[in-house]
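Have a look at the structure below, then the notes.
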Amino acid sequence: MADELRGRIRSGVLRPGQRMPTQKALALEFGVERGAVRQALRTLQAEQLLTNVSKGSPATVAPDSGLSRALNGSEGSPLPTTAALPSRVADAFAAPHVEIDALCLTSASLTLAIGEPLRRIHAGVLTPAKVDVRVLLPSRDINIAFPVPVGDSADGRLQHRWLAQRNAQGQVLRHNLLALRSTHGIDVRVTFRALPFTPPMKLYLLNGTEALFAYYTLTRREAEIDHEHLEMYDAEGTQSMLFAFRQGAGLRDTTFVEQSHLWFNALWETISSDLSLTD
């Protein structure tokens, strides 16, 4: 639901300053409970796309200045990954040859972000000829640093849950991209490799000209696993604040982009190993 409303805002169907449909109307349209509606609206408010989200009057699409910042990351302000990544990835897909490199804990954020360019490709707005995606993820053979239980527990359920999420998100990402071969005749390659460590940050490299960087910030939270509440240290990667660096935007940005590519390629070609997205 948040993805659909986000797309309407970005496409101009919902314009800056316009009032959203009521929560009741949205619940009926999407066939969900009002709690799910409020959650989606709060997500968009956190991304600076909506204002005045409450149980009372309908929310409002953010003013144009806030919307522009959310879509383009202007003024150098970091934004949550879910706010910044989809538009940047969609812009990358405007190139004839799309190259995306990603280093992350799971590919959840990238999988969500790919939805925006896929919609534009199916609508005939984007027409890339070739897409190359490389993803570095932690190996299943290591004990990941997070998520982990609070205390000295040797409970392995969090490791198993992370592995299932890593594999599922990677499979969805690969499937959605490879489908472009048959639907649009696009030359697509998607490759995964495994890292022997848990990355403390995420990195996305787009077409050799842009680097998006975010820290995984750990928090203590509780989750229900196998009908049991478990306290853990974890990071919500989709909300990690993403910093953008662009080649040609000054010496600092250009150097960061170049060094990030060198670092990623070094990991890819040396200590990473083959990764299978299966149990």
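Every chain in the structure tokens has a letter given in the order shown (A, B, ...), and although residue numbers restart at 1 in each chain, ligands are simply numbered from 1 in the order shown.
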* Identify, on the basis of only C-alpha atoms, every residue whose closest approach to Gln45 of chain A does not exceed 12 Å; exclude the query and any residue fewer than 3 positions from it along the same chain; express the result as a list in words. => Ala2, Leu5, Arg6, Arg38, Gln39, Ala40, Leu41, Arg42, Gln48, Leu49, Leu50, Thr51, Asn52, Val53, Ser54, Ala59, Thr60, Val61, Ala62, Gly66, Leu67, Ala70, Pro80, Thr82 and Ala83 of chain A
Please save N, CA, C and O atoms of the selected residues as an mmCIF file, in the first residue's frame.
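For reference, out_22.cif as written:
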```
data_model
loop_
_atom_site.group_PDB
_atom_site.id
_atom_site.type_symbol
_atom_site.label_atom_id
_atom_site.label_comp_id
_atom_site.auth_asym_id
_atom_site.auth_seq_id
_atom_site.Cartn_x
_atom_site.Cartn_y
_atom_site.Cartn_z
ATOM 1 N N ALA A 2 1.903 1.283 0.834
ATOM 2 C CA ALA A 2 2.814 2.429 0.859
ATOM 3 C C ALA A 2 3.494 2.599 -0.490
ATOM 4 O O ALA A 2 3.672 3.722 -0.973
ATOM 5 N N LEU A 5 0.952 4.214 -2.965
ATOM 6 C CA LEU A 5 0.723 5.633 -2.686
ATOM 7 C C LEU A 5 1.971 6.447 -2.991
ATOM 8 O O LEU A 5 1.883 7.577 -3.497
ATOM 9 N N ARG A 6 3.140 5.892 -2.680
ATOM 10 C CA ARG A 6 4.396 6.569 -2.999
ATOM 11 C C ARG A 6 4.500 6.803 -4.510
ATOM 12 O O ARG A 6 4.927 7.867 -4.974
ATOM 13 N N ARG A 38 -3.031 3.345 8.543
ATOM 14 C CA ARG A 38 -2.265 4.300 9.356
ATOM 15 C C ARG A 38 -0.777 3.986 9.308
ATOM 16 O O ARG A 38 0.054 4.901 9.263
ATOM 17 N N GLN A 39 -0.431 2.713 9.325
ATOM 18 C CA GLN A 39 0.984 2.335 9.258
ATOM 19 C C GLN A 39 1.608 2.797 7.938
ATOM 20 O O GLN A 39 2.722 3.331 7.915
ATOM 21 N N ALA A 40 0.898 2.602 6.829
ATOM 22 C CA ALA A 40 1.418 3.037 5.526
ATOM 23 C C ALA A 40 1.568 4.551 5.479
ATOM 24 O O ALA A 40 2.570 5.072 4.973
ATOM 25 N N LEU A 41 0.584 5.267 6.020
ATOM 26 C CA LEU A 41 0.657 6.729 6.016
ATOM 27 C C LEU A 41 1.804 7.233 6.880
ATOM 28 O O LEU A 41 2.500 8.191 6.525
ATOM 29 N N ARG A 42 2.017 6.571 8.034
ATOM 30 C CA ARG A 42 3.134 6.983 8.891
ATOM 31 C C ARG A 42 4.473 6.740 8.204
ATOM 32 O O ARG A 42 5.423 7.516 8.371
ATOM 33 N N GLN A 48 8.927 12.018 4.480
ATOM 34 C CA GLN A 48 8.678 13.424 4.152
ATOM 35 C C GLN A 48 7.803 13.591 2.915
ATOM 36 O O GLN A 48 7.844 14.626 2.241
ATOM 37 N N LEU A 49 6.983 12.584 2.615
ATOM 38 C CA LEU A 49 6.072 12.676 1.482
ATOM 39 C C LEU A 49 4.678 13.109 1.903
ATOM 40 O O LEU A 49 3.903 13.579 1.068
ATOM 41 N N LEU A 50 4.335 12.916 3.196
ATOM 42 C CA LEU A 50 3.021 13.310 3.713
ATOM 43 C C LEU A 50 3.185 14.152 4.965
ATOM 44 O O LEU A 50 4.184 14.033 5.684
ATOM 45 N N THR A 51 2.187 14.978 5.226
ATOM 46 C CA THR A 51 2.120 15.726 6.484
ATOM 47 C C THR A 51 0.735 15.529 7.086
ATOM 48 O O THR A 51 -0.180 15.019 6.440
ATOM 49 N N ASN A 52 0.597 15.919 8.342
ATOM 50 C CA ASN A 52 -0.707 15.916 9.023
ATOM 51 C C ASN A 52 -1.331 14.516 9.070
ATOM 52 O O ASN A 52 -2.528 14.356 8.861
ATOM 53 N N VAL A 53 -0.495 13.517 9.357
ATOM 54 C CA VAL A 53 -1.015 12.161 9.482
ATOM 55 C C VAL A 53 -1.544 11.972 10.902
ATOM 56 O O VAL A 53 -0.797 12.056 11.872
ATOM 57 N N SER A 54 -2.825 11.728 11.025
ATOM 58 C CA SER A 54 -3.443 11.530 12.332
ATOM 59 C C SER A 54 -4.687 10.694 12.146
ATOM 60 O O SER A 54 -5.045 10.298 11.037
ATOM 61 N N ALA A 59 -4.585 12.995 5.605
ATOM 62 C CA ALA A 59 -3.219 13.505 5.478
ATOM 63 C C ALA A 59 -3.111 14.371 4.225
ATOM 64 O O ALA A 59 -3.992 14.375 3.358
ATOM 65 N N THR A 60 -2.010 15.113 4.145
ATOM 66 C CA THR A 60 -1.766 16.009 3.018
ATOM 67 C C THR A 60 -0.434 15.664 2.368
ATOM 68 O O THR A 60 0.544 15.374 3.071
ATOM 69 N N VAL A 61 -0.398 15.689 1.044
ATOM 70 C CA VAL A 61 0.867 15.478 0.339
ATOM 71 C C VAL A 61 1.794 16.634 0.685
ATOM 72 O O VAL A 61 1.385 17.799 0.690
ATOM 73 N N ALA A 62 3.048 16.323 0.993
ATOM 74 C CA ALA A 62 3.993 17.342 1.440
ATOM 75 C C ALA A 62 4.164 18.433 0.389
ATOM 76 O O ALA A 62 4.025 18.180 -0.809
ATOM 77 N N GLY A 66 9.531 20.011 0.115
ATOM 78 C CA GLY A 66 9.820 18.783 0.846
ATOM 79 C C GLY A 66 9.807 17.579 -0.055
ATOM 80 O O GLY A 66 10.598 16.656 0.096
ATOM 81 N N LEU A 67 8.888 17.570 -1.050
ATOM 82 C CA LEU A 67 8.818 16.457 -1.981
ATOM 83 C C LEU A 67 10.086 16.377 -2.812
ATOM 84 O O LEU A 67 10.634 15.302 -3.031
ATOM 85 N N ALA A 70 12.794 14.857 -0.848
ATOM 86 C CA ALA A 70 12.606 13.426 -0.660
ATOM 87 C C ALA A 70 12.953 12.641 -1.911
ATOM 88 O O ALA A 70 13.490 11.539 -1.828
ATOM 89 N N PRO A 80 15.953 8.494 4.764
ATOM 90 C CA PRO A 80 15.798 7.050 4.971
ATOM 91 C C PRO A 80 15.927 6.309 3.651
ATOM 92 O O PRO A 80 15.570 6.810 2.588
ATOM 93 N N THR A 82 14.276 3.927 2.299
ATOM 94 C CA THR A 82 13.038 3.755 1.541
ATOM 95 C C THR A 82 12.619 5.026 0.826
ATOM 96 O O THR A 82 11.893 4.969 -0.167
ATOM 97 N N ALA A 83 13.090 6.192 1.298
ATOM 98 C CA ALA A 83 12.750 7.455 0.646
ATOM 99 C C ALA A 83 13.706 7.781 -0.482
ATOM 100 O O ALA A 83 13.303 8.296 -1.524
#
```
* Going by DSSP on the backbone, which bits of segment 14-238 of chain A are helix (DSSP H, G or I)? Write them as an MDAnalysis selection string, please. => chainID A and resid 23:30 34:46 64:72 74:76 81:92 108:122 157:184 237:238
* May I have the residues within 6 Å of Ile186 of chain A as a PyMOL selection string, using only C-alpha atoms and disregarding those fewer than 5 positions away in the same chain? => chain A and resi 129-130+180-181
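Excluding Pro196 of chain A itself and same-chain residues fewer than 4 positions from it, the residues having an atom within 8 Å of it are A:Pro138, A:Ser139, A:Asp141, A:Ile142, A:Ile271, A:Ser272, counting only C-alpha atoms.
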Residue subset to file, keeping N, CA, C and O atoms, as a CSV table (one decimal), in the first residue's frame:
```
chain,number,residue,atom,x,y,z
A,138,PRO,N,26.3,-11.3,3.5
A,138,PRO,CA,27.0,-12.2,4.4
A,138,PRO,C,26.8,-13.7,4.1
A,138,PRO,O,25.7,-14.1,3.7
A,139,SER,N,27.9,-14.4,4.3
A,139,SER,CA,27.8,-15.9,4.1
A,139,SER,C,27.0,-16.6,5.2
A,139,SER,O,26.9,-16.1,6.3
A,141,ASP,N,27.8,-19.3,6.4
A,141,ASP,CA,28.7,-20.0,7.2
A,141,ASP,C,29.3,-19.3,8.4
A,141,ASP,O,30.2,-19.8,9.1
A,142,ILE,N,28.9,-18.0,8.5
A,142,ILE,CA,29.4,-17.2,9.7
A,142,ILE,C,28.4,-17.0,10.7
A,142,ILE,O,27.2,-17.2,10.4
A,271,ILE,N,38.1,-12.0,-1.2
A,271,ILE,CA,37.7,-12.8,-0.1
A,271,ILE,C,36.2,-13.2,-0.2
A,271,ILE,O,35.8,-14.0,0.7
A,272,SER,N,35.5,-12.8,-1.2
A,272,SER,CA,34.1,-13.2,-1.3
A,272,SER,C,34.1,-14.6,-2.0
A,272,SER,O,35.0,-15.0,-2.6
```
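Atom pair atom CA of Val188 of chain A / atom CA of Leu277 of chain A: separated by 18.1 Å.
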* Would you kindly return, as a ChimeraX atom specification, each protein, DNA or RNA residue with an atom no farther than 12 Å from any atom of Val125 of chain A, considering only C-alpha atoms and excluding same-chain residues fewer than 2 positions away? => /A:11,90-91,93-95,116-123,127-128
Sorted by chain and rising residue number, list the residues of segment 41-150 of chain A at most 12 Å from segment 199-221 of chain A (counting only C-alpha atoms), each with its closest atom pair and distance in Å to one decimal, as a tab-separated table.
```
residue	atom	partner	partner_atom	distance
A:Gly73	CA	A:Leu212	CA	10.9
A:Gly76	CA	A:Leu212	CA	11.7
A:Pro78	CA	A:Ala214	CA	8.9
A:Leu79	CA	A:Ala214	CA	9.6
A:Pro80	CA	A:Ala214	CA	8.9
A:Thr81	CA	A:Ala214	CA	8.0
A:Thr82	CA	A:Ala214	CA	11.8
A:Ala84	CA	A:Leu212	CA	9.1
A:Leu85	CA	A:Leu212	CA	8.2
A:Pro86	CA	A:Tyr204	CA	11.6
A:Ser87	CA	A:Leu206	CA	11.8
A:Arg88	CA	A:Leu206	CA	8.2
A:Val89	CA	A:Leu206	CA	7.3
A:Ala90	CA	A:Leu206	CA	10.2
A:Asp91	CA	A:Leu206	CA	9.3
A:Ala92	CA	A:Leu206	CA	6.2
A:Phe93	CA	A:Asn207	CA	8.9
A:Ala94	CA	A:Asn207	CA	10.3
A:Ala95	CA	A:Asn207	CA	8.1
A:Pro96	CA	A:Asn207	CA	10.2
A:His97	CA	A:Asn207	CA	7.9
A:Val98	CA	A:Asn207	CA	5.9
A:Glu99	CA	A:Asn207	CA	4.6
A:Ile100	CA	A:Leu206	CA	4.9
A:Asp101	CA	A:Leu205	CA	5.0
A:Ala102	CA	A:Tyr204	CA	4.5
A:Leu103	CA	A:Leu203	CA	5.1
A:Cys104	CA	A:Lys202	CA	4.7
A:Leu105	CA	A:Pro199	CA	6.6
A:Thr106	CA	A:Lys202	CA	9.5
A:Ser107	CA	A:Lys202	CA	9.9
A:Ala108	CA	A:Lys202	CA	11.5
A:Ser109	CA	A:Lys202	CA	10.0
A:Leu110	CA	A:Tyr204	CA	8.7
A:Ala113	CA	A:Tyr204	CA	11.4
A:Lys130	CA	A:Asn207	CA	11.6
A:Val131	CA	A:Asn207	CA	10.0
A:Asp132	CA	A:Asn207	CA	9.5
A:Val133	CA	A:Leu206	CA	9.6
A:Arg134	CA	A:Leu205	CA	9.7
A:Val135	CA	A:Tyr204	CA	9.2
A:Leu136	CA	A:Pro199	CA	9.6
A:Leu137	CA	A:Pro199	CA	8.3
A:Pro138	CA	A:Pro199	CA	7.4
A:Ser139	CA	A:Pro199	CA	10.8
A:Ile142	CA	A:Pro199	CA	12.0
A:Ile144	CA	A:Pro199	CA	9.2
A:Ala145	CA	A:Pro199	CA	8.7
A:Phe146	CA	A:Leu218	CA	8.1
A:Pro147	CA	A:Leu218	CA	8.7
A:Val148	CA	A:Arg220	CA	9.9
A:Pro149	CA	A:Arg220	CA	9.3
A:Val150	CA	A:Arg220	CA	7.9
```
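Atom CA of Glu47 of chain A to atom CA of Thr111 of chain A spans 17.8 Å [interatomic distance, one decimal].
Here atom CA of Ser276 of chain A stands at a distance of 23.2 Å from atom CA of Gly115 of chain A.
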* Within segment 24-249 of chain A, find each residue whose DSSP state, derived from the backbone, is strand (DSSP E or B), and express the selection as an MDAnalysis selection string. => chainID A and resid 50:51 60:61 79:80 97:103 130:138 148:149 187:195 201:206 210:215 219:225 228:234 241:246
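Take the candidates A:Gln247, A:Ser273, A:Thr22, A:Asn143 and check each one against Ser260 of chain A using only C-alpha atoms; the shortest distance goes to A:Gln247.
Nearest to Thr43 of chain A of all the residues A:Gln239, A:Leu14, A:Arg166, A:Glu29 is A:Gln239, based on only C-alpha atoms.
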